[in-house]
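Single-structure report; data block below.
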Amino acid sequence: MDILAKGVPAGLGEPVFDKLDADLAKALMSMGAVKAVEIGAGLDSARLRGSQMNDPLIFREGKVDFESNNAGGILGGISTGAPSYVGSR
């Protein structure tokens with residue numbers, strides 16, 4: 001099951017106890033057949049160097065944006081405003 005959420009506002013979640021990625025993983029893991037959850041690049045990120053996985057900030061059309069979305073729209077447990085990608089296996 002893959003989920004792509006567009007239009008997620010930046011700032012959802014908390015950095016320590018109420019992380020957005022943890023809440024999403026908990027919801028998916030509550031389904032009996034789900035045994036793994038990936039957010040963004042997921043397990044593929046283990047094969048990448050930090051410089052490849054990094055989502056650098058850039059200016060695009062007069063706004064701060066991310067060059068890539070390897071983190072799946074969630075950094076430090078908080079939504080970035082980029083599309084959120086969550087997959088389960």
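Each chain in the structure tokens gets a letter, A, B and so on, in the order shown; residues start at 1 in every chain, and ligands are counted from 1 in the order they appear.
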Would you kindly return, as a compact mmCIF listing (two decimals) with N, CA, C and O atoms, in the first residue's frame, each protein, DNA or RNA residue with an atom no farther than 8 Å from any atom of Pro15 in chain A, considering only C-alpha atoms and excluding same-chain residues fewer than 4 positions away?
# COMPACT_ATOMS: atom_id res chain seq x y z
N LYS A 19 5.61 12.65 16.86
CA LYS A 19 6.15 12.76 15.50
C LYS A 19 5.12 12.32 14.47
O LYS A 19 4.45 11.30 14.66
N GLY A 76 12.40 15.49 10.90
CA GLY A 76 12.39 15.62 12.35
C GLY A 76 11.02 15.43 12.97
O GLY A 76 10.72 15.98 14.02
N GLY A 77 10.15 14.65 12.31
CA GLY A 77 8.82 14.39 12.84
C GLY A 77 7.80 15.45 12.50
O GLY A 77 6.66 15.38 12.94
N ILE A 78 8.19 16.45 11.69
CA ILE A 78 7.31 17.56 11.35
C ILE A 78 7.17 17.64 9.84
O ILE A 78 8.15 17.52 9.10
Tell me, as a CSV table (one decimal) with N, CA and C atoms, in the first residue's frame, which residues lie within 12 Å of Leu43 in chain A, counting only C-alpha atoms; anything in the same chain fewer than 5 positions away does not count.
chain,number,residue,atom,x,y,z
A,36,ALA,N,6.1,-3.7,7.5
A,36,ALA,CA,7.1,-2.7,7.4
A,36,ALA,C,6.5,-1.4,6.9
A,37,VAL,N,7.0,-0.3,7.3
A,37,VAL,CA,6.6,1.0,6.8
A,37,VAL,C,7.8,1.8,6.3
A,38,GLU,N,7.7,2.4,5.1
A,38,GLU,CA,8.7,3.3,4.6
A,38,GLU,C,8.2,4.7,4.4
A,48,LEU,N,22.2,5.0,0.1
A,48,LEU,CA,22.6,6.3,-0.4
A,48,LEU,C,23.7,6.9,0.6
A,53,MET,N,21.1,11.7,-0.1
A,53,MET,CA,19.8,11.6,0.6
A,53,MET,C,19.4,13.0,1.1
A,70,ASN,N,13.4,13.3,-0.7
A,70,ASN,CA,13.8,12.0,-0.2
A,70,ASN,C,13.3,11.7,1.2
A,71,ALA,N,13.0,12.7,2.0
A,71,ALA,CA,12.5,12.4,3.3
A,71,ALA,C,11.0,12.2,3.3
A,86,VAL,N,4.3,7.7,2.0
A,86,VAL,CA,4.4,6.6,2.9
A,86,VAL,C,4.0,5.3,2.2
A,87,GLY,N,4.8,4.3,2.4
A,87,GLY,CA,4.6,3.0,1.8
A,87,GLY,C,4.6,1.9,2.9
A,88,SER,N,3.9,0.9,2.6
A,88,SER,CA,4.0,-0.3,3.6
A,88,SER,C,4.2,-1.6,2.8
A,89,ARG,N,4.7,-2.5,3.5
A,89,ARG,CA,5.0,-3.8,2.9
A,89,ARG,C,4.4,-4.9,3.7
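Here CA of Asn69 in chain A stands at a distance of 10.5 Å from CA of Ile39 in chain A.
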- Query: Could you name the residues that touch Ile58 in chain A at 10 Å or less, counting only C-alpha atoms, but leaving out those on the same chain fewer than 5 positions away, as a ChimeraX atom specification?
  - Reply: /A:63-68
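Between CA of Lys6 in chain A and CA of Ser84 in chain A the separation is 6.6 Å.
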Within range 7-88 of chain A, find each residue whose DSSP state, derived from the backbone, is strand (DSSP E or B), and express the selection as a ChimeraX atom specification. /A:37-39,57-60,63-66,74-75,78-79,84-88
For this session: With a distance cut-off of 10 Å and only C-alpha atoms, select the neighbouring residues of Ala5 in chain A, excluding the residue or stretch itself and same-chain residues fewer than 2 positions from it, and output the selection as a ChimeraX atom specification.
Result: /A:2-3,7-8,72-73,82-86
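By chain and then residue number, the residues within 8 Å of Leu20 in chain A are Leu12, Gly13, Glu14, Leu24, Ile74, Gly77, Ile78 and Ser79 of chain A, counting only C-alpha atoms and disregarding those fewer than 4 positions away in sequence.
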TODO: May I have all residues of chain A that DSSP, computed from the backbone, assigns to helix (DSSP H, G or I), given as a ChimeraX atom specification?
DONE: /A:20-29,42-47,50-53
